[in-house]
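First the structure, in the form of structure tokens, and then the observations on it.
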Amino acid sequence: MKRTRVRFAPSPTGPLHMGGVRTALYNYLFAKKMGGDFILRIEDTDSHRFVPGAEEYIIESLRWCGILPDEGLDADGKLASKRSVHNPHAPYRQSERKGIYRKYAEQLVDGGFAYYAFDTAAELESARAAAEGAGETFIYNSASRSSLRNSLTMDPAEVKRLLEERDDWTIRFRMPENEVVEMDDIIRGHIEVNTSTLDDKVLWKRADELPTYHLANIVDDHLMEISHVIRGEEWLPSLPLHFLLYRAFGWERPEFAHLPLLLKPVGNGKLSKRDGDKMGFPVFPLRWVSPAGEVSRGYREDGYFPDAFVNLLAMLGWNPGTEQEIFSLEELVQAFSLDKVGKSGAKFNPDKAKWFNKEYLRMRSDEELTALFMPVLAEHGVSAEPASVLEIVSLIKERATFVRDFWDIAWYLFNAPEEYVEKDAAKFWKSENVAMAREALMETGSAHDMEEYIRSREWPMGKVMNCIRLALTGSSNGLGIADIMRFIGRDEALARFHRAEERLII
RNA sequence: GGUGGGUUCGUAUAACGGCUAGUACUCAAGAUUUUCAUUCUUGCAAUAGGAGUUCGAUUCUCCUACCCACUACCA
């Protein structure tokens with residue numbers, strides 16, 4: 001049986017967004033599940049839309065997620081340009097493969113599957129405008145190509161002359177007339193399309209001597225021995241062309257699987273960069289600063305754990321068929337299967353994303369979380385013993401979604417409150433409570449004794465404790481008094497209490 | 001406009017023609033707790049509409065509606 005080989009083939013026209021990461025993830029999971037190879041290829045055949053830094057961003061994102069390719073990267077983590085044992089199909093950047101595509105395009109011309117077209121951009125523009133004016137849509141296909149300037153309509157000598165003289169011609173695919181293309185998609189099943197609704201796509205451009213996506217994609221997938229093409233649903237409309245291209249070349253084609261789109265949380269439409277900015281969640285795996293200086297937030301910088309991010313992405317459009325929701329990458333590999341991938345677009349839910357991170361935070365060891373929390377403390381000008389921070393972490397980890405929440409939850413263990421929440425003070429800072437609290441605090445040496453003291457006197461525990469809590473934390477919520485006092489000590493607790501007495505008016 | 005794809009609680013999804021349509025997130029209520037949070041319990045909430053096939057349809061077929069994608073010498 002043929003070895004499973006899949007590829008992730010992004011275009012470096014900007015930062016990879018979470019939908020792209022999911023496509024990469026599904027490719028990776030499928031490859032690993034089948035014991036095959038996951039290949040990274042950069043499709044940079046559009047010389048006009050190249051964005052500096054985008055390729056590096058893609059690689060760094062995959063690295064952060066732990067879904068690095070088996071093939072396509074050199075040992076230094078850079079995209080491979082030279083062949084090696086691990087990179088037998090290098091280069092993996094299409095701009096570096098530039099020289100190989102022309103002969104394939106011409107092979108199609110020779111076989112009668114493609115032709116040379118000499119229409120200028122301006123001519124096509126006006127043809128489109130004319131059709132639109134007549135209430136029709138201009139399609140470059142069997143119906144219109146006979147009246148356009150190409151090697152199918154022109155004298156061979158004239159064609160030869162133009163090919164030599166001009167440098168703006170293209171090679172177009174000769175779409176068959178009125179033929180039903182029958183296709184099978186692993187996710188969507190059987191699909192039929194009539195070629196009369198399709199157009200003669202440009203395959204190769206003389207102007208920059210570069211192929212378009214369609215040609216480069218098919219040629220490279222063939223050359224790289226790709227067995228399964230797993231890509232976004234937006235490619236489904238070009239599947240007939242790709243089928244026909246494989247047929248024209250006489251190549252065995254890979255299996256196809258078109259993934260459902262990731263949609264925006266509210267309203268309709270696919271997830272876009274603006275949604276995240278507007279609704280307060282990241283759309284990108286990593287922070288991205290555009291060449292113009294525009295900043296987009298990233299899951300990494302927002303405090304998400306990479307395994308949580310991968311987990312939540314995996315569950316968007318796929319399910320294991322069981323009720324398990326938390327999966328490590330290895331477990332995902334084991335459980336993954338393309339026939340459990342859904343057909344309909346998945347709306348991204350930021351609340352569920354946070355829930356995943358919360359679950360992962362709880363699974364982290366106290367030691368690891370402490371190591372992550374120490375720098376946060378330093379930022380707040382606090383120096384604390386790792387041992388006591390570890391103890392604090394174990395107390396607060398269940399209350400947090402992100403490590404950065406730790407400070408908001410436990411800051412009062414390090415600093416005395418500067419102000420008091422008015423509403424809470426009004427509720428609990430009453431003379432009789434304050435008197436009881438003061439006595440309990442002064443007369444006992446530990447939180448445990450204090451509790452006994454209050455209990456034995458049959459004082460209202462809630463009122464007294466909240467009075468003390470208000471003095472210690474500035475509000476009526478937070479950790480247990482015993483825990484707080486263990487960390488700040490009795491002296492500090494008394495000092496805070498006296499300070500509250502000075503500052504708060506009863 | 002044309003072509004293709006899609007449609008189960010608000011969201012993600014389960015139910016390979018057959019129990020009362022299940023689970024998770026969110027939300028609400030209750031229990032626990034010295035407060036908050038956690039935890040636990042309970043609750044709210046869905047098969048887009050209409051035909052057909054069938055003993056029986058969320059599931060198969062058709063029609064309608066709505067949504068999405070594509071419709072470049074972009075990917």
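Every chain in the structure tokens takes a letter, A first, then B, and so on in the order presented; its residues are numbered from 1, and the ligands are numbered from 1 following the presented order.
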Any idea which chain B residues end up within 8 Å of chain A if we count only C-alpha atoms (C1' of nucleotides), as an mmCIF file with N, CA and C atoms (P, O5', C5', C4', C3', O3' and C1' of nucleotides), in the first residue's frame please?
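Wrote it out as selection-v3.cif, contents follow:
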data_model
loop_
_atom_site.group_PDB
_atom_site.id
_atom_site.type_symbol
_atom_site.label_atom_id
_atom_site.label_comp_id
_atom_site.auth_asym_id
_atom_site.auth_seq_id
_atom_site.Cartn_x
_atom_site.Cartn_y
_atom_site.Cartn_z
ATOM 1 P P G B 1 -29.376 36.657 -6.864
ATOM 2 O "O5'" G B 1 -28.726 36.466 -8.315
ATOM 3 C "C5'" G B 1 -29.548 36.642 -9.465
ATOM 4 C "C4'" G B 1 -28.708 36.388 -10.680
ATOM 5 C "C3'" G B 1 -28.105 34.988 -10.772
ATOM 6 O "O3'" G B 1 -29.013 34.076 -11.365
ATOM 7 C "C1'" G B 1 -26.404 36.575 -11.163
ATOM 8 P P G B 2 -29.045 32.552 -10.900
ATOM 9 O "O5'" G B 2 -27.636 32.018 -11.405
ATOM 10 C "C5'" G B 2 -27.412 31.771 -12.798
ATOM 11 C "C4'" G B 2 -26.026 31.226 -12.977
ATOM 12 C "C3'" G B 2 -25.707 29.988 -12.141
ATOM 13 O "O3'" G B 2 -26.133 28.809 -12.789
ATOM 14 C "C1'" G B 2 -23.972 31.568 -11.877
ATOM 15 P P U B 3 -26.615 27.583 -11.920
ATOM 16 O "O5'" U B 3 -25.250 27.013 -11.333
ATOM 17 C "C5'" U B 3 -24.298 26.403 -12.205
ATOM 18 C "C4'" U B 3 -23.037 26.078 -11.444
ATOM 19 C "C3'" U B 3 -23.218 25.267 -10.164
ATOM 20 O "O3'" U B 3 -23.382 23.887 -10.419
ATOM 21 C "C1'" U B 3 -21.760 27.067 -9.726
ATOM 22 P P G B 4 -24.211 23.018 -9.375
ATOM 23 O "O5'" G B 4 -23.214 22.900 -8.138
ATOM 24 C "C5'" G B 4 -22.025 22.126 -8.258
ATOM 25 C "C4'" G B 4 -21.145 22.375 -7.067
ATOM 26 C "C3'" G B 4 -21.747 22.023 -5.708
ATOM 27 O "O3'" G B 4 -21.678 20.636 -5.438
ATOM 28 C "C1'" G B 4 -20.748 24.146 -5.570
ATOM 29 P P G B 5 -22.755 19.997 -4.393
ATOM 30 O "O5'" G B 5 -22.283 20.572 -2.982
ATOM 31 C "C5'" G B 5 -21.017 20.198 -2.455
ATOM 32 C "C4'" G B 5 -20.742 20.999 -1.208
ATOM 33 C "C3'" G B 5 -21.755 20.846 -0.084
ATOM 34 O "O3'" G B 5 -21.548 19.669 0.663
ATOM 35 C "C1'" G B 5 -21.269 23.132 -0.384
ATOM 36 P P G B 6 -22.812 18.994 1.373
ATOM 37 O "O5'" G B 6 -23.216 20.008 2.538
ATOM 38 C "C5'" G B 6 -22.373 20.153 3.671
ATOM 39 C "C4'" G B 6 -22.797 21.360 4.482
ATOM 40 C "C3'" G B 6 -24.104 21.245 5.233
ATOM 41 O "O3'" G B 6 -23.927 20.539 6.444
ATOM 42 C "C1'" G B 6 -23.981 23.347 4.168
ATOM 43 P P U B 7 -25.186 19.747 7.069
ATOM 44 O "O5'" U B 7 -26.055 20.908 7.733
ATOM 45 C "C5'" U B 7 -25.445 21.824 8.653
ATOM 46 C "C4'" U B 7 -26.487 22.785 9.166
ATOM 47 C "C3'" U B 7 -27.667 22.087 9.837
ATOM 48 O "O3'" U B 7 -28.092 22.766 10.999
ATOM 49 C "C1'" U B 7 -28.414 23.374 7.968
ATOM 50 P P U B 11 -26.551 28.556 17.569
ATOM 51 O "O5'" U B 11 -25.136 28.403 18.262
ATOM 52 C "C5'" U B 11 -24.099 29.363 18.055
ATOM 53 C "C4'" U B 11 -22.825 28.878 18.698
ATOM 54 C "C3'" U B 11 -22.417 27.469 18.311
ATOM 55 O "O3'" U B 11 -21.726 27.430 17.077
ATOM 56 C "C1'" U B 11 -22.317 27.684 20.655
ATOM 57 P P A B 12 -21.817 26.117 16.185
ATOM 58 O "O5'" A B 12 -20.881 25.095 16.973
ATOM 59 C "C5'" A B 12 -19.484 25.364 17.111
ATOM 60 C "C4'" A B 12 -18.834 24.244 17.879
ATOM 61 C "C3'" A B 12 -19.136 22.851 17.348
ATOM 62 O "O3'" A B 12 -18.294 22.521 16.264
ATOM 63 C "C1'" A B 12 -19.430 22.896 19.701
ATOM 64 P P U B 13 -18.786 21.496 15.170
ATOM 65 O "O5'" U B 13 -19.482 20.425 16.112
ATOM 66 C "C5'" U B 13 -19.857 19.154 15.673
ATOM 67 C "C4'" U B 13 -19.971 18.302 16.916
ATOM 68 C "C3'" U B 13 -20.932 17.142 16.788
ATOM 69 O "O3'" U B 13 -20.293 16.043 16.148
ATOM 70 C "C1'" U B 13 -21.343 18.267 18.827
ATOM 71 P P A B 14 -21.160 15.020 15.359
ATOM 72 O "O5'" A B 14 -21.820 14.169 16.535
ATOM 73 C "C5'" A B 14 -20.980 13.471 17.439
ATOM 74 C "C4'" A B 14 -21.784 12.646 18.392
ATOM 75 C "C3'" A B 14 -22.829 11.732 17.772
ATOM 76 O "O3'" A B 14 -22.241 10.558 17.243
ATOM 77 C "C1'" A B 14 -23.701 12.773 19.709
ATOM 78 P P U B 23 -27.252 14.468 29.197
ATOM 79 O "O5'" U B 23 -25.783 14.767 28.679
ATOM 80 C "C5'" U B 23 -24.720 13.864 28.960
ATOM 81 C "C4'" U B 23 -23.463 14.329 28.287
ATOM 82 C "C3'" U B 23 -22.998 15.739 28.632
ATOM 83 O "O3'" U B 23 -22.314 15.798 29.873
ATOM 84 C "C1'" U B 23 -22.852 15.418 26.298
ATOM 85 P P A B 24 -22.335 17.167 30.713
ATOM 86 O "O5'" A B 24 -21.331 18.091 29.898
ATOM 87 C "C5'" A B 24 -19.936 17.786 29.851
ATOM 88 C "C4'" A B 24 -19.240 18.757 28.936
ATOM 89 C "C3'" A B 24 -19.483 20.231 29.252
ATOM 90 O "O3'" A B 24 -18.642 20.696 30.284
ATOM 91 C "C1'" A B 24 -19.782 19.864 26.941
ATOM 92 P P C B 25 -19.098 21.945 31.189
ATOM 93 O "O5'" C B 25 -18.997 23.177 30.182
ATOM 94 C "C5'" C B 25 -17.728 23.613 29.706
ATOM 95 C "C4'" C B 25 -17.912 24.764 28.758
ATOM 96 C "C3'" C B 25 -18.728 25.932 29.304
ATOM 97 O "O3'" C B 25 -17.932 26.783 30.118
ATOM 98 C "C1'" C B 25 -19.473 25.410 27.132
ATOM 99 P P U B 26 -18.618 27.511 31.375
ATOM 100 O "O5'" U B 26 -19.695 28.464 30.694
ATOM 101 C "C5'" U B 26 -19.273 29.569 29.917
ATOM 102 C "C4'" U B 26 -20.476 30.250 29.297
ATOM 103 C "C3'" U B 26 -21.554 30.694 30.278
ATOM 104 O "O3'" U B 26 -21.220 31.932 30.889
ATOM 105 C "C1'" U B 26 -22.563 29.605 28.437
ATOM 106 P P U B 34 -17.742 27.757 57.131
ATOM 107 O "O5'" U B 34 -17.970 29.246 56.690
ATOM 108 C "C5'" U B 34 -18.699 30.156 57.527
ATOM 109 C "C4'" U B 34 -18.260 31.548 57.224
ATOM 110 C "C3'" U B 34 -18.024 31.800 55.756
ATOM 111 O "O3'" U B 34 -19.243 32.227 55.148
ATOM 112 C "C1'" U B 34 -16.183 32.598 57.037
ATOM 113 P P U B 35 -19.531 31.770 53.635
ATOM 114 O "O5'" U B 35 -19.041 33.023 52.798
ATOM 115 C "C5'" U B 35 -19.703 34.289 52.943
ATOM 116 C "C4'" U B 35 -18.984 35.312 52.107
ATOM 117 C "C3'" U B 35 -18.775 34.914 50.656
ATOM 118 O "O3'" U B 35 -19.902 35.249 49.876
ATOM 119 C "C1'" U B 35 -16.743 35.731 51.562
ATOM 120 P P C B 36 -20.315 34.330 48.636
ATOM 121 O "O5'" C B 36 -19.122 34.558 47.605
ATOM 122 C "C5'" C B 36 -18.967 35.807 46.931
ATOM 123 C "C4'" C B 36 -17.678 35.787 46.142
ATOM 124 C "C3'" C B 36 -17.507 34.604 45.205
ATOM 125 O "O3'" C B 36 -18.188 34.786 43.980
ATOM 126 C "C1'" C B 36 -15.513 34.936 46.417
ATOM 127 P P A B 37 -18.782 33.521 43.213
ATOM 128 O "O5'" A B 37 -17.481 32.651 42.887
ATOM 129 C "C5'" A B 37 -16.603 33.035 41.835
ATOM 130 C "C4'" A B 37 -15.339 32.210 41.878
ATOM 131 C "C3'" A B 37 -15.475 30.709 41.661
ATOM 132 O "O3'" A B 37 -15.601 30.361 40.295
ATOM 133 C "C1'" A B 37 -14.044 31.097 43.479
ATOM 134 P P U B 38 -16.438 29.036 39.920
ATOM 135 O "O5'" U B 38 -15.614 27.860 40.599
ATOM 136 C "C5'" U B 38 -14.318 27.511 40.108
ATOM 137 C "C4'" U B 38 -13.701 26.475 41.014
ATOM 138 C "C3'" U B 38 -14.416 25.133 41.061
ATOM 139 O "O3'" U B 38 -14.052 24.324 39.959
ATOM 140 C "C1'" U B 38 -13.890 25.820 43.258
ATOM 141 P P C B 67 -29.302 34.752 4.182
ATOM 142 O "O5'" C B 67 -28.127 33.801 4.702
ATOM 143 C "C5'" C B 67 -27.789 33.760 6.088
ATOM 144 C "C4'" C B 67 -26.745 32.701 6.316
ATOM 145 C "C3'" C B 67 -25.503 32.814 5.438
ATOM 146 O "O3'" C B 67 -24.590 33.773 5.926
ATOM 147 C "C1'" C B 67 -26.238 30.581 5.451
ATOM 148 P P C B 68 -23.636 34.542 4.879
ATOM 149 O "O5'" C B 68 -22.589 33.399 4.510
ATOM 150 C "C5'" C B 68 -21.744 32.856 5.514
ATOM 151 C "C4'" C B 68 -20.975 31.692 4.952
ATOM 152 C "C3'" C B 68 -20.142 31.973 3.721
ATOM 153 O "O3'" C B 68 -18.922 32.596 4.051
ATOM 154 C "C1'" C B 68 -21.314 29.960 3.410
ATOM 155 P P A B 69 -18.198 33.546 2.979
ATOM 156 O "O5'" A B 69 -17.562 32.474 1.990
ATOM 157 C "C5'" A B 69 -16.542 31.592 2.445
ATOM 158 C "C4'" A B 69 -16.280 30.552 1.395
ATOM 159 C "C3'" A B 69 -15.861 31.090 0.042
ATOM 160 O "O3'" A B 69 -14.481 31.368 0.005
ATOM 161 C "C1'" A B 69 -17.547 29.476 -0.261
ATOM 162 P P C B 70 -13.949 32.564 -0.909
ATOM 163 O "O5'" C B 70 -14.129 31.986 -2.374
ATOM 164 C "C5'" C B 70 -13.368 30.863 -2.785
ATOM 165 C "C4'" C B 70 -13.907 30.366 -4.105
ATOM 166 C "C3'" C B 70 -13.956 31.402 -5.223
ATOM 167 O "O3'" C B 70 -12.703 31.553 -5.855
ATOM 168 C "C1'" C B 70 -15.992 30.220 -5.159
ATOM 169 P P C B 73 -7.525 36.240 -14.606
ATOM 170 O "O5'" C B 73 -5.945 36.106 -14.537
ATOM 171 C "C5'" C B 73 -5.341 34.849 -14.281
ATOM 172 C "C4'" C B 73 -3.928 35.129 -13.818
ATOM 173 C "C3'" C B 73 -3.888 36.423 -12.981
ATOM 174 O "O3'" C B 73 -3.431 36.213 -11.644
ATOM 175 C "C1'" C B 73 -2.473 36.594 -14.946
ATOM 176 P P C B 74 -2.121 36.015 -11.032
ATOM 177 O "O5'" C B 74 -2.327 36.165 -9.465
ATOM 178 C "C5'" C B 74 -3.618 36.006 -8.867
ATOM 179 C "C4'" C B 74 -3.328 35.856 -7.406
ATOM 180 C "C3'" C B 74 -3.177 34.416 -6.937
ATOM 181 O "O3'" C B 74 -1.895 33.898 -7.204
ATOM 182 C "C1'" C B 74 -4.555 35.632 -5.444
ATOM 183 P P A B 75 -1.616 32.345 -7.250
ATOM 184 O "O5'" A B 75 -1.898 31.853 -5.773
ATOM 185 C "C5'" A B 75 -0.941 32.018 -4.726
ATOM 186 C "C4'" A B 75 -1.623 31.700 -3.416
ATOM 187 C "C3'" A B 75 -2.000 30.235 -3.220
ATOM 188 O "O3'" A B 75 -0.919 29.471 -2.705
ATOM 189 C "C1'" A B 75 -3.871 31.596 -2.733
#
Practice item. Would you kindly return, as a list in words, each protein, DNA or RNA residue with an atom no farther than 10 Å from any atom of U59 in chain B, considering only C-alpha atoms (C1' of nucleotides) and excluding same-chain residues fewer than 6 positions away? Key: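 Close residues of U59 in chain B: A15, C16 and G17 of chain B.
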Point to revise | All residues 12 Å or closer to Ala387 in chain A, only C-alpha atoms (C1' of nucleotides), same chain fewer than 4 positions away omitted, as a ChimeraX atom specification | key: /A:366-367,370-371,374,383,391-394,487
Practice item. Report as number ranges by chain: the residues of range 229-303 of chain A with a DSSP assignment of strand (DSSP E or B), based on the backbone of this structure. Key: A: 229-232, 255-259, 262-263, 270, 284, 288-289, 295-296, 298
Exercise for review: Figure out the distance between CA of Arg41 in chain A and CA of Gly66 in chain A, please, to one decimal in Å.
Suggested key: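 Separating CA of Gly66 in chain A from CA of Arg41 in chain A is a distance of 17.2 Å.
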**Study point:** Shell around His190 in chain A at 12 Å using only C-alpha atoms (C1' of nucleotides), local window under 5 positions removed, as a ChimeraX atom specification
**Key:** /A:181-185,256-257 /B:4-5
Take the residues from that selection and write them out as a CSV table (one decimal), in the first residue's frame, keeping N, CA and C atoms (P, O5', C5', C4', C3', O3' and C1' of nucleotides).
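See result_26.csv below for the written result:
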chain,number,residue,atom,x,y,z
A,181,VAL,N,-17.9,16.3,-14.6
A,181,VAL,CA,-16.8,15.7,-13.8
A,181,VAL,C,-17.3,15.1,-12.6
A,182,GLU,N,-16.9,13.8,-12.4
A,182,GLU,CA,-17.4,13.1,-11.1
A,182,GLU,C,-16.2,13.0,-10.2
A,183,MET,N,-16.5,13.5,-9.0
A,183,MET,CA,-15.4,13.5,-8.0
A,183,MET,C,-15.9,12.9,-6.7
A,184,ASP,N,-14.9,12.5,-5.9
A,184,ASP,CA,-15.2,11.9,-4.6
A,184,ASP,C,-14.4,12.6,-3.5
A,185,ASP,N,-15.0,13.1,-2.5
A,185,ASP,CA,-14.3,13.8,-1.4
A,185,ASP,C,-14.5,13.0,-0.2
A,256,PHE,N,-8.9,13.5,-1.8
A,256,PHE,CA,-9.2,14.8,-1.3
A,256,PHE,C,-10.1,14.8,-0.2
A,257,ALA,N,-9.8,15.8,0.7
A,257,ALA,CA,-10.7,16.0,1.9
A,257,ALA,C,-10.8,17.5,2.1
B,4,G,P,-24.2,23.0,-9.4
B,4,G,O5',-23.2,22.9,-8.1
B,4,G,C5',-22.0,22.1,-8.3
B,4,G,C4',-21.1,22.4,-7.1
B,4,G,C3',-21.7,22.0,-5.7
B,4,G,O3',-21.7,20.6,-5.4
B,4,G,C1',-20.7,24.1,-5.6
B,5,G,P,-22.8,20.0,-4.4
B,5,G,O5',-22.3,20.6,-3.0
B,5,G,C5',-21.0,20.2,-2.5
B,5,G,C4',-20.7,21.0,-1.2
B,5,G,C3',-21.8,20.8,-0.1
B,5,G,O3',-21.5,19.7,0.7
B,5,G,C1',-21.3,23.1,-0.4
Exercise for review: Can you work out the spacing between C1' of U64 in chain B and CA of Leu262 in chain A in Å, to one decimal?
Suggested key: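 Rounded to one decimal, the two atoms are 27.1 Å apart.
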Practice item. Mind listing the alpha helix (DSSP H) residues of range 93-214 of chain A, per DSSP on the backbone, as number ranges by chain? Key: A: 98-110, 121-133, 156-165, 213-214
Would you save the residues of that selection, restricted to N, CA and C atoms, as a short mmCIF file (atom, residue, chain, number, x, y, z; two decimals), in the first residue's frame?
data_model
loop_
_atom_site.label_atom_id
_atom_site.label_comp_id
_atom_site.auth_asym_id
_atom_site.auth_seq_id
_atom_site.Cartn_x
_atom_site.Cartn_y
_atom_site.Cartn_z
N LYS A 98 10.66 27.53 -9.31
CA LYS A 98 10.22 28.29 -10.48
C LYS A 98 10.50 27.60 -11.82
N GLY A 99 11.72 27.10 -11.98
CA GLY A 99 12.13 26.55 -13.27
C GLY A 99 11.40 25.29 -13.72
N ILE A 100 10.79 24.57 -12.81
CA ILE A 100 10.24 23.27 -13.20
C ILE A 100 8.84 23.32 -13.80
N TYR A 101 8.13 24.43 -13.59
CA TYR A 101 6.71 24.42 -13.96
C TYR A 101 6.43 24.63 -15.45
N ARG A 102 7.28 25.42 -16.11
CA ARG A 102 6.99 25.77 -17.51
C ARG A 102 6.86 24.54 -18.41
N LYS A 103 7.75 23.60 -18.19
CA LYS A 103 7.72 22.43 -19.08
C LYS A 103 6.44 21.61 -18.88
N TYR A 104 5.92 21.62 -17.66
CA TYR A 104 4.67 20.90 -17.43
C TYR A 104 3.50 21.62 -18.11
N ALA A 105 3.53 22.95 -18.05
CA ALA A 105 2.48 23.72 -18.72
C ALA A 105 2.54 23.47 -20.22
N GLU A 106 3.76 23.46 -20.77
CA GLU A 106 3.90 23.26 -22.21
C GLU A 106 3.56 21.84 -22.63
N GLN A 107 3.78 20.92 -21.71
CA GLN A 107 3.39 19.54 -21.96
C GLN A 107 1.88 19.46 -22.18
N LEU A 108 1.15 20.25 -21.40
CA LEU A 108 -0.30 20.27 -21.56
C LEU A 108 -0.71 20.92 -22.88
N VAL A 109 0.04 21.96 -23.28
CA VAL A 109 -0.24 22.61 -24.57
C VAL A 109 -0.04 21.59 -25.69
N ASP A 110 1.08 20.89 -25.62
CA ASP A 110 1.39 19.90 -26.65
C ASP A 110 0.32 18.81 -26.72
N ALA A 121 -4.40 42.31 -20.01
CA ALA A 121 -5.25 42.55 -18.85
C ALA A 121 -6.34 43.55 -19.20
N ALA A 122 -5.96 44.56 -19.97
CA ALA A 122 -6.93 45.59 -20.35
C ALA A 122 -8.04 45.02 -21.24
N GLU A 123 -7.66 44.13 -22.15
CA GLU A 123 -8.65 43.52 -23.03
C GLU A 123 -9.65 42.67 -22.25
N LEU A 124 -9.13 41.92 -21.32
CA LEU A 124 -10.01 41.08 -20.50
C LEU A 124 -10.92 41.93 -19.63
N GLU A 125 -10.33 43.00 -19.15
CA GLU A 125 -11.08 43.95 -18.32
C GLU A 125 -12.29 44.49 -19.08
N SER A 126 -12.04 44.90 -20.32
CA SER A 126 -13.14 45.49 -21.09
C SER A 126 -14.16 44.42 -21.52
N ALA A 127 -13.68 43.20 -21.76
CA ALA A 127 -14.61 42.11 -22.08
C ALA A 127 -15.53 41.85 -20.90
N ARG A 128 -14.95 41.92 -19.70
CA ARG A 128 -15.76 41.72 -18.49
C ARG A 128 -16.77 42.84 -18.32
N ALA A 129 -16.29 44.06 -18.54
CA ALA A 129 -17.17 45.21 -18.39
C ALA A 129 -18.33 45.14 -19.39
N ALA A 130 -18.01 44.74 -20.62
CA ALA A 130 -19.03 44.64 -21.66
C ALA A 130 -20.09 43.60 -21.29
N ALA A 131 -19.62 42.46 -20.81
CA ALA A 131 -20.55 41.40 -20.42
C ALA A 131 -21.43 41.86 -19.27
N GLU A 132 -20.81 42.56 -18.34
CA GLU A 132 -21.55 43.04 -17.18
C GLU A 132 -22.62 44.05 -17.61
N GLY A 133 -22.24 44.89 -18.57
CA GLY A 133 -23.18 45.87 -19.09
C GLY A 133 -24.39 45.21 -19.73
N PRO A 156 -0.73 29.68 -36.61
CA PRO A 156 0.45 29.17 -35.90
C PRO A 156 1.68 30.06 -36.04
N ALA A 157 1.88 30.63 -37.20
CA ALA A 157 3.04 31.49 -37.41
C ALA A 157 2.92 32.75 -36.55
N GLU A 158 1.70 33.26 -36.48
CA GLU A 158 1.44 34.45 -35.66
C GLU A 158 1.66 34.14 -34.19
N VAL A 159 1.21 32.95 -33.79
CA VAL A 159 1.40 32.51 -32.42
C VAL A 159 2.89 32.45 -32.09
N LYS A 160 3.64 31.85 -32.98
CA LYS A 160 5.08 31.71 -32.78
C LYS A 160 5.76 33.08 -32.62
N ARG A 161 5.31 34.00 -33.46
CA ARG A 161 5.87 35.35 -33.45
C ARG A 161 5.56 36.05 -32.10
N LEU A 162 4.30 35.96 -31.69
CA LEU A 162 3.89 36.62 -30.44
C LEU A 162 4.59 36.01 -29.23
N LEU A 163 4.78 34.70 -29.27
CA LEU A 163 5.45 34.03 -28.15
C LEU A 163 6.86 34.58 -27.97
N GLU A 164 7.48 34.89 -29.09
CA GLU A 164 8.85 35.40 -29.02
C GLU A 164 8.91 36.88 -28.72
N GLU A 165 7.99 37.62 -29.33
CA GLU A 165 8.04 39.08 -29.19
C GLU A 165 7.48 39.60 -27.88
N TYR A 213 -1.42 29.10 -8.70
CA TYR A 213 -1.65 28.11 -7.66
C TYR A 213 -1.99 26.72 -8.23
N HIS A 214 -2.94 26.72 -9.17
CA HIS A 214 -3.47 25.45 -9.66
C HIS A 214 -2.39 24.54 -10.25
#
